[in-house]
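File shown here: structure_14.pdb, holding PDB, C-alpha atoms.
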```pdb
ATOM      1  CA  MET A  56     -52.518  -9.374   3.849
ATOM      2  CA  ILE A  57     -52.917  -7.554   7.139
ATOM      3  CA  GLU A  58     -54.302 -10.704   8.741
ATOM      4  CA  ILE A  59     -51.289 -12.699   7.523
ATOM      5  CA  LEU A  60     -48.935 -10.150   9.043
ATOM      6  CA  GLN A  61     -50.814 -10.008  12.334
ATOM      7  CA  ASN A  62     -51.026 -13.772  12.807
ATOM      8  CA  ASN A  63     -47.564 -14.706  11.567
ATOM      9  CA  TRP A  64     -45.360 -11.677  12.184
ATOM     10  CA  SER A  65     -42.897 -13.605  14.375
ATOM     11  CA  ASN A  66     -42.313 -16.307  11.733
ATOM     12  CA  LEU A  67     -42.002 -13.727   8.970
ATOM     13  CA  LEU A  68     -39.587 -11.666  11.049
ATOM     14  CA  SER A  69     -37.508 -14.764  11.758
ATOM     15  CA  GLY A  70     -37.420 -15.658   8.057
ATOM     16  CA  PHE A  71     -36.579 -12.075   7.171
ATOM     17  CA  GLY A  72     -33.620 -12.178   9.554
ATOM     18  CA  VAL A  73     -32.332 -15.449   8.077
ATOM     19  CA  THR A  74     -32.631 -14.028   4.560
ATOM     20  CA  VAL A  75     -30.679 -10.930   5.571
ATOM     21  CA  MET A  76     -28.015 -13.075   7.234
ATOM     22  CA  ILE A  77     -27.478 -15.419   4.296
ATOM     23  CA  SER A  78     -27.496 -12.470   1.889
ATOM     24  CA  ILE A  79     -24.748 -10.679   3.814
ATOM     25  CA  ILE A  80     -22.614 -13.809   4.256
ATOM     26  CA  SER A  81     -23.003 -14.896   0.640
ATOM     27  CA  LEU A  82     -22.440 -11.388  -0.679
ATOM     28  CA  CYS A  83     -19.132 -11.051   1.174
ATOM     29  CA  ALA A  84     -17.987 -14.566   0.239
ATOM     30  CA  SER A  85     -18.990 -14.258  -3.423
ATOM     31  CA  LEU A  86     -17.372 -10.831  -3.742
ATOM     32  CA  VAL A  87     -14.068 -12.161  -2.400
ATOM     33  CA  LEU A  88     -14.207 -15.311  -4.539
ATOM     34  CA  GLY A  89     -15.321 -13.405  -7.605
ATOM     35  CA  THR A  90     -12.494 -10.893  -7.265
ATOM     36  CA  VAL A  91      -9.909 -13.650  -6.860
ATOM     37  CA  PHE A  92     -11.084 -15.555  -9.925
ATOM     38  CA  ALA A  93     -11.406 -12.361 -11.969
ATOM     39  CA  ILE A  94      -7.755 -11.605 -11.248
ATOM     40  CA  MET A  95      -6.805 -15.188 -12.055
ATOM     41  CA  GLU A  96      -8.504 -14.803 -15.442
ATOM     42  CA  VAL A  97      -6.246 -11.910 -16.432
ATOM     43  CA  VAL A  98      -2.893 -12.921 -14.910
ATOM     44  CA  PRO A  99      -0.194 -13.749 -17.492
ATOM     45  CA  ASN A 100      -0.259 -17.453 -16.696
ATOM     46  CA  LYS A 101      -2.138 -19.847 -18.959
ATOM     47  CA  THR A 102      -2.639 -22.547 -16.315
ATOM     48  CA  VAL A 103      -4.121 -20.098 -13.810
ATOM     49  CA  GLN A 104      -6.370 -18.655 -16.500
ATOM     50  CA  ILE A 105      -7.675 -22.115 -17.396
ATOM     51  CA  ILE A 106      -8.431 -22.907 -13.736
ATOM     52  CA  ALA A 107     -10.325 -19.642 -13.298
ATOM     53  CA  HIS A 108     -12.216 -19.995 -16.570
ATOM     54  CA  SER A 109     -13.197 -23.579 -15.731
ATOM     55  CA  TYR A 110     -14.506 -22.527 -12.300
ATOM     56  CA  ILE A 111     -16.540 -19.682 -13.765
ATOM     57  CA  GLU A 112     -18.030 -21.724 -16.589
ATOM     58  CA  LEU A 113     -18.841 -24.598 -14.231
ATOM     59  CA  PHE A 114     -20.833 -22.571 -11.716
ATOM     60  CA  ARG A 115     -22.380 -20.200 -14.261
ATOM     61  CA  ASN A 116     -23.905 -23.058 -16.218
ATOM     62  CA  ILE A 117     -25.262 -25.231 -13.401
ATOM     63  CA  PRO A 118     -28.596 -24.160 -11.851
ATOM     64  CA  LEU A 119     -28.316 -22.719  -8.357
ATOM     65  CA  LEU A 120     -30.755 -25.269  -6.939
ATOM     66  CA  VAL A 121     -28.644 -28.157  -8.259
ATOM     67  CA  ILE A 122     -25.479 -26.714  -6.687
ATOM     68  CA  THR A 123     -27.264 -26.227  -3.376
ATOM     69  CA  MET A 124     -28.726 -29.736  -3.421
ATOM     70  CA  ILE A 125     -25.272 -31.209  -4.022
ATOM     71  CA  PHE A 126     -24.059 -29.633  -0.792
ATOM     72  CA  TYR A 127     -27.291 -30.426   1.062
ATOM     73  CA  LEU A 128     -27.660 -34.093   0.031
ATOM     74  CA  ILE A 129     -24.405 -35.456  -1.398
ATOM     75  CA  VAL A 130     -21.765 -33.744   0.753
ATOM     76  CA  PRO A 131     -23.343 -34.827   4.094
ATOM     77  CA  GLN A 132     -23.706 -38.382   2.806
ATOM     78  CA  TYR A 133     -20.107 -38.855   1.677
ATOM     79  CA  LEU A 134     -18.014 -36.158   3.389
ATOM     80  CA  PHE A 135     -19.329 -34.262   6.420
ATOM     81  CA  LYS A 136     -22.598 -33.056   7.892
ATOM     82  CA  ILE A 137     -23.752 -29.524   7.135
ATOM     83  CA  SER A 138     -27.031 -27.747   7.784
ATOM     84  CA  GLY A 139     -29.442 -26.520   5.161
ATOM     85  CA  PHE A 140     -28.420 -22.945   5.950
ATOM     86  CA  THR A 141     -24.738 -23.756   5.369
ATOM     87  CA  ALA A 142     -25.514 -25.620   2.160
ATOM     88  CA  GLY A 143     -27.504 -22.629   0.951
ATOM     89  CA  CYS A 144     -24.684 -20.221   1.835
ATOM     90  CA  ILE A 145     -22.096 -22.315  -0.007
ATOM     91  CA  GLY A 146     -24.267 -22.859  -3.076
ATOM     92  CA  LEU A 147     -25.303 -19.214  -3.293
ATOM     93  CA  SER A 148     -21.727 -17.980  -2.789
ATOM     94  CA  LEU A 149     -20.237 -20.265  -5.445
ATOM     95  CA  TYR A 150     -22.991 -19.549  -7.942
ATOM     96  CA  THR A 151     -22.915 -15.765  -7.517
ATOM     97  CA  SER A 152     -19.114 -15.556  -7.420
ATOM     98  CA  ALA A 153     -18.942 -16.856 -10.997
ATOM     99  CA  PHE A 154     -21.089 -13.971 -12.252
ATOM    100  CA  ILE A 155     -19.287 -11.418 -10.096
ATOM    101  CA  ALA A 156     -15.959 -12.650 -11.475
ATOM    102  CA  GLU A 157     -17.126 -11.870 -15.003
ATOM    103  CA  CYS A 158     -18.306  -8.401 -13.950
ATOM    104  CA  ILE A 159     -14.962  -7.580 -12.340
ATOM    105  CA  ARG A 160     -12.982  -9.106 -15.200
ATOM    106  CA  ALA A 161     -14.821  -6.836 -17.620
ATOM    107  CA  GLY A 162     -13.952  -3.908 -15.360
ATOM    108  CA  ILE A 163     -10.279  -4.899 -15.294
ATOM    109  CA  ASN A 164     -10.194  -5.238 -19.080
ATOM    110  CA  SER A 165     -11.682  -1.746 -19.426
ATOM    111  CA  VAL A 166      -8.634  -0.252 -17.684
ATOM    112  CA  GLY A 167      -5.960   0.701 -20.205
ATOM    113  CA  GLU A 168      -2.866  -1.499 -20.410
ATOM    114  CA  GLY A 169      -0.738   1.572 -19.821
ATOM    115  CA  GLN A 170      -1.991   1.695 -16.225
ATOM    116  CA  MET A 171      -0.355  -1.624 -15.402
ATOM    117  CA  GLU A 172       2.782  -0.779 -17.348
ATOM    118  CA  GLY A 173       3.074   2.562 -15.584
ATOM    119  CA  ALA A 174       2.613   0.997 -12.170
ATOM    120  CA  ARG A 175       5.214  -1.700 -12.883
ATOM    121  CA  SER A 176       7.701   0.864 -14.197
ATOM    122  CA  ASN A 177       7.346   2.759 -10.904
ATOM    123  CA  GLY A 178       8.531  -0.297  -8.989
ATOM    124  CA  MET A 179       5.240  -1.909  -8.028
ATOM    125  CA  THR A 180       4.865  -5.664  -8.107
ATOM    126  CA  TYR A 181       2.045  -7.194 -10.150
ATOM    127  CA  VAL A 182      -0.019  -7.714  -6.984
ATOM    128  CA  GLN A 183       0.542  -4.139  -5.785
ATOM    129  CA  ALA A 184      -0.338  -2.705  -9.182
ATOM    130  CA  MET A 185      -3.501  -4.784  -9.323
ATOM    131  CA  ARG A 186      -4.508  -3.844  -5.784
ATOM    132  CA  PHE A 187      -3.777  -0.116  -5.786
ATOM    133  CA  VAL A 188      -4.137   0.877  -9.451
ATOM    134  CA  ILE A 189      -6.222  -1.552 -11.503
ATOM    135  CA  LEU A 190      -8.889  -2.879  -9.117
ATOM    136  CA  PRO A 191     -10.081   0.536  -7.820
ATOM    137  CA  GLN A 192     -10.734   1.624 -11.398
ATOM    138  CA  ALA A 193     -12.247  -1.738 -12.328
ATOM    139  CA  PHE A 194     -14.743  -1.635  -9.442
ATOM    140  CA  LYS A 195     -15.926   1.821 -10.509
ATOM    141  CA  VAL A 196     -16.721   0.495 -13.970
ATOM    142  CA  ALA A 197     -18.306  -2.692 -12.604
ATOM    143  CA  ILE A 198     -20.607  -1.030 -10.052
ATOM    144  CA  PRO A 199     -23.831  -1.196 -12.163
ATOM    145  CA  SER A 200     -23.409  -4.882 -13.000
ATOM    146  CA  LEU A 201     -22.289  -5.688  -9.448
ATOM    147  CA  GLY A 202     -25.421  -4.002  -8.135
ATOM    148  CA  ASN A 203     -27.551  -6.261 -10.320
ATOM    149  CA  GLN A 204     -25.722  -9.330  -9.022
ATOM    150  CA  PHE A 205     -26.213  -8.256  -5.392
ATOM    151  CA  ILE A 206     -29.939  -7.850  -5.963
ATOM    152  CA  ASN A 207     -30.112 -11.208  -7.728
ATOM    153  CA  LEU A 208     -28.287 -12.761  -4.796
ATOM    154  CA  ILE A 209     -30.949 -11.565  -2.357
ATOM    155  CA  LYS A 210     -33.721 -12.942  -4.571
ATOM    156  CA  ASN A 211     -31.832 -16.192  -5.135
ATOM    157  CA  SER A 212     -31.534 -16.682  -1.376
ATOM    158  CA  SER A 213     -35.060 -18.118  -1.601
ATOM    159  CA  VAL A 214     -33.319 -21.370  -2.573
ATOM    160  CA  LEU A 215     -33.042 -22.020   1.191
ATOM    161  CA  ALA A 216     -36.733 -22.870   1.152
ATOM    162  CA  PHE A 217     -35.820 -26.146  -0.570
ATOM    163  CA  VAL A 218     -33.228 -27.153   2.046
ATOM    164  CA  ALA A 219     -35.055 -26.236   5.257
ATOM    165  CA  GLY A 220     -33.015 -23.060   5.623
ATOM    166  CA  PHE A 221     -35.855 -21.286   7.507
ATOM    167  CA  ASP A 222     -35.556 -18.192   5.325
ATOM    168  CA  LEU A 223     -38.343 -15.847   4.262
ATOM    169  CA  MET A 224     -39.594 -18.083   1.445
ATOM    170  CA  TYR A 225     -39.529 -21.161   3.693
ATOM    171  CA  GLN A 226     -41.657 -19.378   6.291
ATOM    172  CA  GLY A 227     -43.974 -18.174   3.523
ATOM    173  CA  ASP A 228     -44.454 -21.763   2.327
ATOM    174  CA  VAL A 229     -45.275 -22.905   5.871
ATOM    175  CA  ILE A 230     -47.783 -20.092   6.388
ATOM    176  CA  ALA A 231     -49.416 -20.630   2.972
ATOM    177  CA  PHE A 232     -49.887 -24.358   3.522
ATOM    178  CA  SER A 233     -51.216 -23.943   7.059
ATOM    179  CA  SER A 234     -53.520 -20.978   6.466
ATOM    180  CA  PHE A 235     -54.622 -21.823   2.893
ATOM    181  CA  GLN A 236     -54.215 -18.122   2.046
ATOM    182  CA  THR A 237     -51.678 -18.696  -0.681
ATOM    183  CA  VAL A 238     -52.119 -15.464  -2.647
ATOM    184  CA  ASN A 239     -52.026 -13.142   0.365
ATOM    185  CA  THR A 240     -49.091 -14.983   1.894
ATOM    186  CA  TYR A 241     -46.892 -14.710  -1.166
ATOM    187  CA  LEU A 242     -47.895 -11.082  -1.663
ATOM    188  CA  VAL A 243     -46.594 -10.404   1.846
ATOM    189  CA  VAL A 244     -43.414 -12.364   1.127
ATOM    190  CA  GLY A 245     -42.924 -10.407  -2.107
ATOM    191  CA  CYS A 246     -43.269  -7.129  -0.214
ATOM    192  CA  CYS A 247     -40.661  -8.316   2.296
ATOM    193  CA  TYR A 248     -38.208  -8.983  -0.541
ATOM    194  CA  LEU A 249     -38.934  -5.513  -1.912
ATOM    195  CA  VAL A 250     -37.996  -4.062   1.472
ATOM    196  CA  LEU A 251     -34.588  -5.704   1.015
ATOM    197  CA  THR A 252     -33.931  -5.107  -2.676
ATOM    198  CA  LEU A 253     -35.320  -1.601  -3.319
ATOM    199  CA  PRO A 254     -33.017   0.240  -0.861
ATOM    200  CA  LEU A 255     -30.022  -1.649  -2.278
ATOM    201  CA  SER A 256     -31.093  -0.794  -5.833
ATOM    202  CA  TYR A 257     -31.401   2.920  -5.036
ATOM    203  CA  TYR A 258     -28.125   2.934  -3.126
ATOM    204  CA  MET A 259     -26.235   1.355  -6.025
ATOM    205  CA  ARG A 260     -27.677   3.974  -8.377
ATOM    206  CA  TYR A 261     -26.655   6.720  -5.971
ATOM    207  CA  LEU A 262     -23.164   5.248  -5.667
ATOM    208  CA  GLU A 263     -22.847   4.988  -9.439
ATOM    209  CA  LYS A 264     -23.830   8.649  -9.933
ATOM    210  CA  LYS A 265     -21.543   9.801  -7.134
ATOM    211  CA  ILE A 266     -18.519   7.991  -8.536
ATOM    212  CA  THR A 267     -19.292   9.154 -12.067
TER     213      THR A 267
END
```
Written as structure tokens, how would this file's structure read?
Amino acid sequence: MIEILQNNWSNLLSGFGVTVMISIISLCASLVLGTVFAIMEVVPNKTVQIIAHSYIELFRNIPLLVITMIFYLIVPQYLFKISGFTAGCIGLSLYTSAFIAECIRAGINSVGEGQMEGARSNGMTYVQAMRFVILPQAFKVAIPSLGNQFINLIKNSSVLAFVAGFDLMYQGDVIAFSSFQTVNTYLVVGCCYLVLTLPLSYYMRYLEKKIT
């Protein structure tokens, strides 16, 4: 393992940076999308609810790799050119947002109906009540499940290896095939993912305890 690190540290560092970048971009995008569709699922409008539910069911039940390949192969062929990194970002964001939406929706449903009624009776609009009263409480409830989704997102970012996204897994594949040290290479790659996911896991637990 030490030899792999010494001989390929620049490639691994480059892949590590790409993985961090796509994780941050996809996390922000999926959190925004997931929140929007979670709200759409609970608004008192049947059409909006159907749109949100259809989106969530669509992307929850299609494998991430298939979604990414659609944007990597089909979209450039018929619509516009995008890089493997962009295709990975879009696929990962859409896929994760569907799960995040369900986490936040569950959090919203856990807030008593009286909270919304009280906010509306004090003159707030539906949007204001959702933003200032319901969502803050919903996110507190959803923190454990959101933490799991964030960690899954980082691990799922390895999908970039299939679309020449130059992430950590892609660099690991290149090193393994060129050095023929498959076991050691993937052990190093696994340790690199642990460096990303373990601090996030501990932070989410700390945040959960602090809020509780």
As a check of understanding, name the residues that the PyMOL selection byres ((chain A and resi 93) around 9) selects in the supplied structure, as a count of residues only. 20
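The residues caught by the PyMOL selection byres ((chain A and resi 71) around 9) in this file are Asn66, Leu67, Leu68, Ser69, Gly70, Gly72, Val73, Thr74, Val75, Met76, Asp222, Leu223, Met224, Gln226, Cys247 and Tyr248 of chain A.
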For A:Lys265, list every protein, DNA or RNA residue within 12 Å, evaluated using only C-alpha atoms, and leave out those in the same chain fewer than 6 positions away; present the list as a PyMOL selection string. chain A and resi 195+198+258-259
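If you measure from each of A:Gly202, A:Pro131, A:Ile230, A:Glu58 to A:Pro254 using all atoms listed in the file, the closest one turns out to be A:Gly202.
For the set A:Ser165, A:Ser212, A:Asn62, A:Thr252, the residue with the smallest atom-to-atom gap to A:Tyr225 is A:Ser212, counting all atoms listed in the file.
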Who sits within 12 Å of stretch 136-147 of chain A, only C-alpha atoms, same chain under 6 positions skipped, as number ranges by chain: A: 70, 73-86, 88, 114-115, 117-130, 153-155, 204-205, 207-222, 225
Only C-alpha atoms, please: the residues just picked out, written as a PDB file, in the frame of the given file.
```pdb
ATOM      1  CA  GLY A  70     -37.420 -15.658   8.057  1.00  0.00           C
ATOM      2  CA  VAL A  73     -32.332 -15.449   8.077  1.00  0.00           C
ATOM      3  CA  THR A  74     -32.631 -14.028   4.560  1.00  0.00           C
ATOM      4  CA  VAL A  75     -30.679 -10.930   5.571  1.00  0.00           C
ATOM      5  CA  MET A  76     -28.015 -13.075   7.234  1.00  0.00           C
ATOM      6  CA  ILE A  77     -27.478 -15.419   4.296  1.00  0.00           C
ATOM      7  CA  SER A  78     -27.496 -12.470   1.889  1.00  0.00           C
ATOM      8  CA  ILE A  79     -24.748 -10.679   3.814  1.00  0.00           C
ATOM      9  CA  ILE A  80     -22.614 -13.809   4.256  1.00  0.00           C
ATOM     10  CA  SER A  81     -23.003 -14.896   0.640  1.00  0.00           C
ATOM     11  CA  LEU A  82     -22.440 -11.388  -0.679  1.00  0.00           C
ATOM     12  CA  CYS A  83     -19.132 -11.051   1.174  1.00  0.00           C
ATOM     13  CA  ALA A  84     -17.987 -14.566   0.239  1.00  0.00           C
ATOM     14  CA  SER A  85     -18.990 -14.258  -3.423  1.00  0.00           C
ATOM     15  CA  LEU A  86     -17.372 -10.831  -3.742  1.00  0.00           C
ATOM     16  CA  LEU A  88     -14.207 -15.311  -4.539  1.00  0.00           C
ATOM     17  CA  PHE A 114     -20.833 -22.571 -11.716  1.00  0.00           C
ATOM     18  CA  ARG A 115     -22.380 -20.200 -14.261  1.00  0.00           C
ATOM     19  CA  ILE A 117     -25.262 -25.231 -13.401  1.00  0.00           C
ATOM     20  CA  PRO A 118     -28.596 -24.160 -11.851  1.00  0.00           C
ATOM     21  CA  LEU A 119     -28.316 -22.719  -8.357  1.00  0.00           C
ATOM     22  CA  LEU A 120     -30.755 -25.269  -6.939  1.00  0.00           C
ATOM     23  CA  VAL A 121     -28.644 -28.157  -8.259  1.00  0.00           C
ATOM     24  CA  ILE A 122     -25.479 -26.714  -6.687  1.00  0.00           C
ATOM     25  CA  THR A 123     -27.264 -26.227  -3.376  1.00  0.00           C
ATOM     26  CA  MET A 124     -28.726 -29.736  -3.421  1.00  0.00           C
ATOM     27  CA  ILE A 125     -25.272 -31.209  -4.022  1.00  0.00           C
ATOM     28  CA  PHE A 126     -24.059 -29.633  -0.792  1.00  0.00           C
ATOM     29  CA  TYR A 127     -27.291 -30.426   1.062  1.00  0.00           C
ATOM     30  CA  LEU A 128     -27.660 -34.093   0.031  1.00  0.00           C
ATOM     31  CA  ILE A 129     -24.405 -35.456  -1.398  1.00  0.00           C
ATOM     32  CA  VAL A 130     -21.765 -33.744   0.753  1.00  0.00           C
ATOM     33  CA  ALA A 153     -18.942 -16.856 -10.997  1.00  0.00           C
ATOM     34  CA  PHE A 154     -21.089 -13.971 -12.252  1.00  0.00           C
ATOM     35  CA  ILE A 155     -19.287 -11.418 -10.096  1.00  0.00           C
ATOM     36  CA  GLN A 204     -25.722  -9.330  -9.022  1.00  0.00           C
ATOM     37  CA  PHE A 205     -26.213  -8.256  -5.392  1.00  0.00           C
ATOM     38  CA  ASN A 207     -30.112 -11.208  -7.728  1.00  0.00           C
ATOM     39  CA  LEU A 208     -28.287 -12.761  -4.796  1.00  0.00           C
ATOM     40  CA  ILE A 209     -30.949 -11.565  -2.357  1.00  0.00           C
ATOM     41  CA  LYS A 210     -33.721 -12.942  -4.571  1.00  0.00           C
ATOM     42  CA  ASN A 211     -31.832 -16.192  -5.135  1.00  0.00           C
ATOM     43  CA  SER A 212     -31.534 -16.682  -1.376  1.00  0.00           C
ATOM     44  CA  SER A 213     -35.060 -18.118  -1.601  1.00  0.00           C
ATOM     45  CA  VAL A 214     -33.319 -21.370  -2.573  1.00  0.00           C
ATOM     46  CA  LEU A 215     -33.042 -22.020   1.191  1.00  0.00           C
ATOM     47  CA  ALA A 216     -36.733 -22.870   1.152  1.00  0.00           C
ATOM     48  CA  PHE A 217     -35.820 -26.146  -0.570  1.00  0.00           C
ATOM     49  CA  VAL A 218     -33.228 -27.153   2.046  1.00  0.00           C
ATOM     50  CA  ALA A 219     -35.055 -26.236   5.257  1.00  0.00           C
ATOM     51  CA  GLY A 220     -33.015 -23.060   5.623  1.00  0.00           C
ATOM     52  CA  PHE A 221     -35.855 -21.286   7.507  1.00  0.00           C
ATOM     53  CA  ASP A 222     -35.556 -18.192   5.325  1.00  0.00           C
ATOM     54  CA  TYR A 225     -39.529 -21.161   3.693  1.00  0.00           C
TER      55      TYR A 225
END
```
Result set, the PyMOL selection byres ((chain A and resi 241) around 10) on current file, as a list in words: Met56, Ile59, Met224, Gly227, Asp228, Ile230, Ala231, Gln236, Thr237, Val238, Asn239, Thr240, Leu242, Val243, Val244, Gly245, Cys246 and Cys247 of chain A
Taking all atoms of stretch 196-204 of chain A that the file lists, what box with edges along x, y and z, padded by 8 Å per side, do you get, with centre and edge lengths in Å to one decimal, as AutoDock Vina command-line options?
```
--center_x -22.1 --center_y -4.4 --center_z -11.1 --size_x 26.8 --size_y 25.8 --size_z 21.8
```
Missing atoms in stretch 148-157 of chain A should be modelled up to all heavy atoms and reported as a PDB file, keeping the file's coordinate frame.
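Once written, selection01.pdb looks like this:
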```pdb
ATOM      1  N   SER A 148     -23.018 -18.667  -2.652  1.00  0.00           N
ATOM      2  CA  SER A 148     -21.727 -17.980  -2.789  1.00  0.00           C
ATOM      3  C   SER A 148     -20.989 -18.435  -4.045  1.00  0.00           C
ATOM      4  O   SER A 148     -20.464 -17.608  -4.804  1.00  0.00           O
ATOM      5  CB  SER A 148     -20.861 -18.230  -1.550  1.00  0.00           C
ATOM      6  OG  SER A 148     -21.478 -17.727  -0.388  1.00  0.00           O
ATOM      7  N   LEU A 149     -20.939 -19.748  -4.269  1.00  0.00           N
ATOM      8  CA  LEU A 149     -20.237 -20.265  -5.445  1.00  0.00           C
ATOM      9  C   LEU A 149     -20.918 -19.826  -6.740  1.00  0.00           C
ATOM     10  O   LEU A 149     -20.259 -19.409  -7.699  1.00  0.00           O
ATOM     11  CB  LEU A 149     -20.162 -21.794  -5.381  1.00  0.00           C
ATOM     12  CG  LEU A 149     -19.318 -22.390  -4.256  1.00  0.00           C
ATOM     13  CD1 LEU A 149     -19.438 -23.915  -4.248  1.00  0.00           C
ATOM     14  CD2 LEU A 149     -17.855 -21.982  -4.391  1.00  0.00           C
ATOM     15  N   TYR A 150     -22.234 -19.916  -6.747  1.00  0.00           N
ATOM     16  CA  TYR A 150     -22.991 -19.549  -7.942  1.00  0.00           C
ATOM     17  C   TYR A 150     -22.816 -18.068  -8.269  1.00  0.00           C
ATOM     18  O   TYR A 150     -22.500 -17.704  -9.412  1.00  0.00           O
ATOM     19  CB  TYR A 150     -24.470 -19.873  -7.707  1.00  0.00           C
ATOM     20  CG  TYR A 150     -25.391 -19.534  -8.850  1.00  0.00           C
ATOM     21  CD1 TYR A 150     -25.496 -20.380  -9.960  1.00  0.00           C
ATOM     22  CD2 TYR A 150     -26.171 -18.386  -8.819  1.00  0.00           C
ATOM     23  CE1 TYR A 150     -26.352 -20.081 -11.006  1.00  0.00           C
ATOM     24  CE2 TYR A 150     -27.034 -18.074  -9.866  1.00  0.00           C
ATOM     25  CZ  TYR A 150     -27.117 -18.920 -10.946  1.00  0.00           C
ATOM     26  OH  TYR A 150     -27.962 -18.626 -11.984  1.00  0.00           O
ATOM     27  N   THR A 151     -22.996 -17.203  -7.279  1.00  0.00           N
ATOM     28  CA  THR A 151     -22.915 -15.765  -7.517  1.00  0.00           C
ATOM     29  C   THR A 151     -21.497 -15.314  -7.827  1.00  0.00           C
ATOM     30  O   THR A 151     -21.296 -14.395  -8.624  1.00  0.00           O
ATOM     31  CB  THR A 151     -23.452 -15.002  -6.291  1.00  0.00           C
ATOM     32  OG1 THR A 151     -24.749 -15.497  -5.934  1.00  0.00           O
ATOM     33  CG2 THR A 151     -23.559 -13.508  -6.581  1.00  0.00           C
ATOM     34  N   SER A 152     -20.503 -15.961  -7.209  1.00  0.00           N
ATOM     35  CA  SER A 152     -19.114 -15.556  -7.420  1.00  0.00           C
ATOM     36  C   SER A 152     -18.713 -15.693  -8.888  1.00  0.00           C
ATOM     37  O   SER A 152     -17.887 -14.911  -9.384  1.00  0.00           O
ATOM     38  CB  SER A 152     -18.172 -16.383  -6.542  1.00  0.00           C
ATOM     39  OG  SER A 152     -18.157 -17.744  -6.933  1.00  0.00           O
ATOM     40  N   ALA A 153     -19.277 -16.670  -9.581  1.00  0.00           N
ATOM     41  CA  ALA A 153     -18.942 -16.856 -10.997  1.00  0.00           C
ATOM     42  C   ALA A 153     -19.401 -15.659 -11.826  1.00  0.00           C
ATOM     43  O   ALA A 153     -18.688 -15.206 -12.728  1.00  0.00           O
ATOM     44  CB  ALA A 153     -19.580 -18.141 -11.519  1.00  0.00           C
ATOM     45  N   PHE A 154     -20.583 -15.133 -11.520  1.00  0.00           N
ATOM     46  CA  PHE A 154     -21.089 -13.971 -12.252  1.00  0.00           C
ATOM     47  C   PHE A 154     -20.338 -12.703 -11.847  1.00  0.00           C
ATOM     48  O   PHE A 154     -20.063 -11.838 -12.688  1.00  0.00           O
ATOM     49  CB  PHE A 154     -22.586 -13.810 -12.002  1.00  0.00           C
ATOM     50  CG  PHE A 154     -23.420 -14.902 -12.601  1.00  0.00           C
ATOM     51  CD1 PHE A 154     -23.726 -16.045 -11.871  1.00  0.00           C
ATOM     52  CD2 PHE A 154     -23.886 -14.807 -13.902  1.00  0.00           C
ATOM     53  CE1 PHE A 154     -24.485 -17.061 -12.433  1.00  0.00           C
ATOM     54  CE2 PHE A 154     -24.652 -15.811 -14.466  1.00  0.00           C
ATOM     55  CZ  PHE A 154     -24.947 -16.941 -13.731  1.00  0.00           C
ATOM     56  N   ILE A 155     -20.038 -12.581 -10.560  1.00  0.00           N
ATOM     57  CA  ILE A 155     -19.287 -11.418 -10.096  1.00  0.00           C
ATOM     58  C   ILE A 155     -17.897 -11.396 -10.717  1.00  0.00           C
ATOM     59  O   ILE A 155     -17.370 -10.333 -11.075  1.00  0.00           O
ATOM     60  CB  ILE A 155     -19.208 -11.414  -8.558  1.00  0.00           C
ATOM     61  CG1 ILE A 155     -20.584 -11.071  -7.975  1.00  0.00           C
ATOM     62  CG2 ILE A 155     -18.144 -10.440  -8.052  1.00  0.00           C
ATOM     63  CD1 ILE A 155     -20.639 -11.063  -6.461  1.00  0.00           C
ATOM     64  N   ALA A 156     -17.287 -12.570 -10.857  1.00  0.00           N
ATOM     65  CA  ALA A 156     -15.959 -12.650 -11.475  1.00  0.00           C
ATOM     66  C   ALA A 156     -15.981 -12.077 -12.886  1.00  0.00           C
ATOM     67  O   ALA A 156     -15.051 -11.354 -13.289  1.00  0.00           O
ATOM     68  CB  ALA A 156     -15.477 -14.096 -11.500  1.00  0.00           C
ATOM     69  N   GLU A 157     -17.031 -12.387 -13.642  1.00  0.00           N
ATOM     70  CA  GLU A 157     -17.126 -11.870 -15.003  1.00  0.00           C
ATOM     71  C   GLU A 157     -17.330 -10.358 -15.007  1.00  0.00           C
ATOM     72  O   GLU A 157     -16.805  -9.660 -15.878  1.00  0.00           O
ATOM     73  CB  GLU A 157     -18.263 -12.558 -15.746  1.00  0.00           C
ATOM     74  CG  GLU A 157     -17.955 -14.001 -16.135  1.00  0.00           C
ATOM     75  CD  GLU A 157     -16.803 -14.075 -17.126  1.00  0.00           C
ATOM     76  OE1 GLU A 157     -17.037 -13.920 -18.331  1.00  0.00           O
ATOM     77  OE2 GLU A 157     -15.649 -14.276 -16.685  1.00  0.00           O
TER      78      GLU A 157
END
```
